[in-house]
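Worksheet: the structure to be examined is printed underneath.
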Amino acid sequence: MAQWQNPKERKTTAKQPRTRAKSITKDSEPTFPEDQFRLMVEAVVDYAIYMLDPEGRIMNWNPGAQRLKGYSEAEVIGRHYSMFFTEDAIRAGKPQQELEQAKLDGRYEEEGWRVRKIGRQFWANVVLTPIYHQDVLRGYVKVTRDLSERKAAEDALRQSQQWLLTTLQSIGDAVIATDAAGDVKFMNSIAHSLTGWTEDEAKGRPLDKVFVIVNQETRNPVTSPFYKVISTGGVIGLANHTVLMARDGTEHAIADSAAPILDQKGDIAGVVIVFRTA
């Protein structure tokens with residue numbers, strides 16, 4: 001990858017007639033690829049893109065880096081890039097480890113916490129690529145992207161899922177949830193005690209192998225509530241005189257209901273069955 005120079009250090013050239021947009025350069029037309037590459041990088045504002053020397057000192061700084069990290073070019077040129085790491089990461093030697101790993105593998109990428117000028121941390125995707133010229137290491141290109149919003153959304157979703165699982169495990173009714181194919185994905189402790197299946201044993205098995213129901217009077221098998229929900233798309237209840245046949249042969253007269261689990265598009269992603277002894 002070609003290097004670009006700090007605009008403050010770039011030598012001036014004789015003035016040429018302007019044949020391109022004024023925003024390209026004040027004094028001369030760019031030459032390709034060096035100046036074109038520099039202009040491209042300077043136009044990027046959503047990514048921090050900058051070069052390090054072989055020891056990890058910052059050599060240049062694009063507008064995206066200033067926007068993301070809060071430092072002006074004058075504040076960072078010549079400083080070691082470890083200034084963007086947390087104190088714990090610095091004590092652990094992580095900045096140097098990243099440089100060494102990039103040299104070893106030809107590229108280093110991770111997601112982790114980084115630090116802005118004001119000291120506030122943000123969740124970043126970082127890519128570090130070594131640059132060689134005639135087999136000599138000339139430095140590294142560092143690209144950083146702010147993923148804080150995505151991480152916050154993922155953390156919120158994870159917390160919501162944990163809250164839901166805790167709630168389902170705590171309620172007094174038995175609960176079994178399936179995926180769109182009808183295989184068991186979740187079972188609470190009450191469902192375990194009534195069916196005789198543990199959650200680990202039931203996961204991935206078809207619902208009708210775990211939730212076996214028959215008519216109390218005729219002893220005929222009762223159609224799985226999963227199929228009724230899939231066919232109707234709505235909430236359904238079991239008929240009277242339904243018996244759950246536990247894994248060990250124990251019978252439980254039950255009452256239950258089943259409802260679709262919908263994804264963001266409104267499509268059925270699974271079915272949840274809630275039941276209790278009648």
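Convention: chains lettered A, B, ... in structure tokens order; per-chain residue numbering from 1; ligands numbered from 1 as shown.
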Query raised in the report: Could you name the residues that touch range 231-241 of chain A at 10 Å or less, counting only C-alpha atoms, but leaving out those on the same chain fewer than 3 positions away, as a PyMOL selection string?
Result: chain A and resi 213-218+222-228+253-262+267-268+271-275+278
Between CA of Val115 in chain A and CA of Ser72 in chain A lies a distance of 14.7 Å
| task | Could you give me, as a PyMOL selection string, each residue of range 73-222 of chain A that DSSP assigns to helix (DSSP H, G or I) when run on this structure's backbone? | result | chain A and resi 73-76+81-84+87-91+94-105+148-170+189-195+199-202+207-210
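Remark: for Ser170 in chain A, the closest of the candidate residues A:Ala202, A:Ala191, A:Leu244, A:Ile131 is A:Ala191 (distances computed over only C-alpha atoms).
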inquiry  = List as a PyMOL selection string the protein and nucleic acid residues near Thr129 in chain A, meaning an atom at most 9 Å away when only C-alpha atoms are counted, but skip any in the same chain fewer than 6 places from it.
reply    = chain A and resi 99+102-103+106-109+139-143
Self-check item: All strand (DSSP E or B) positions in range 38-170 of chain A, as an MDAnalysis selection string
Solution: chainID A and resid 48:52 57:58 80 108:115 121:133 136:146
Selection above as a file: C-alpha atoms, as a CSV table (one decimal), in the first residue's frame:
chain,number,residue,atom,x,y,z
A,48,ALA,CA,-10.0,6.4,11.4
A,49,ILE,CA,-7.2,5.7,9.0
A,50,TYR,CA,-3.6,6.5,9.8
A,51,MET,CA,-0.1,5.1,9.4
A,52,LEU,CA,2.4,4.0,12.1
A,57,ARG,CA,4.5,6.0,16.3
A,58,ILE,CA,1.8,7.9,14.4
A,80,HIS,CA,2.9,6.1,20.1
A,108,TYR,CA,-4.4,-8.2,12.8
A,109,GLU,CA,-8.0,-7.6,13.5
A,110,GLU,CA,-10.1,-7.6,16.7
A,111,GLU,CA,-13.0,-5.8,18.5
A,112,GLY,CA,-12.3,-4.2,21.8
A,113,TRP,CA,-12.3,-1.1,23.9
A,114,ARG,CA,-10.4,2.0,22.8
A,115,VAL,CA,-10.1,5.4,24.4
A,121,GLN,CA,-14.2,4.5,25.9
A,122,PHE,CA,-15.8,3.2,22.8
A,123,TRP,CA,-16.1,-0.3,21.2
A,124,ALA,CA,-14.0,-0.5,18.1
A,125,ASN,CA,-13.2,-2.8,15.2
A,126,VAL,CA,-9.5,-2.4,14.5
A,127,VAL,CA,-7.5,-3.7,11.6
A,128,LEU,CA,-3.7,-3.4,11.6
A,129,THR,CA,-1.8,-4.2,8.4
A,130,PRO,CA,2.0,-4.1,8.0
A,131,ILE,CA,3.5,-2.3,5.0
A,132,TYR,CA,6.7,-3.5,3.3
A,133,HIS,CA,8.9,-2.0,0.7
A,136,VAL,CA,11.7,-4.1,4.6
A,137,LEU,CA,9.0,-3.2,7.1
A,138,ARG,CA,8.1,0.5,6.6
A,139,GLY,CA,5.2,0.7,9.0
A,140,TYR,CA,1.6,-0.2,9.5
A,141,VAL,CA,-1.8,1.0,8.3
A,142,LYS,CA,-4.3,1.2,11.1
A,143,VAL,CA,-8.1,1.3,10.4
A,144,THR,CA,-10.5,1.8,13.3
A,145,ARG,CA,-14.3,1.8,13.1
A,146,ASP,CA,-16.7,2.8,16.0
Shell of 8 Å around Ser189 in chain A, only C-alpha atoms, local chain residues under 4 positions omitted, as a PyMOL selection string:
chain A and resi 169+174+193+198
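Comparing A:Asp46, A:Asp208, A:Glu149, A:Glu98 by their smallest distance to Thr178 in chain A, the closest is A:Asp208 (using only C-alpha atoms).
CA of Thr167 in chain A sits 21.6 Å away from CA of Gln264 in chain A.
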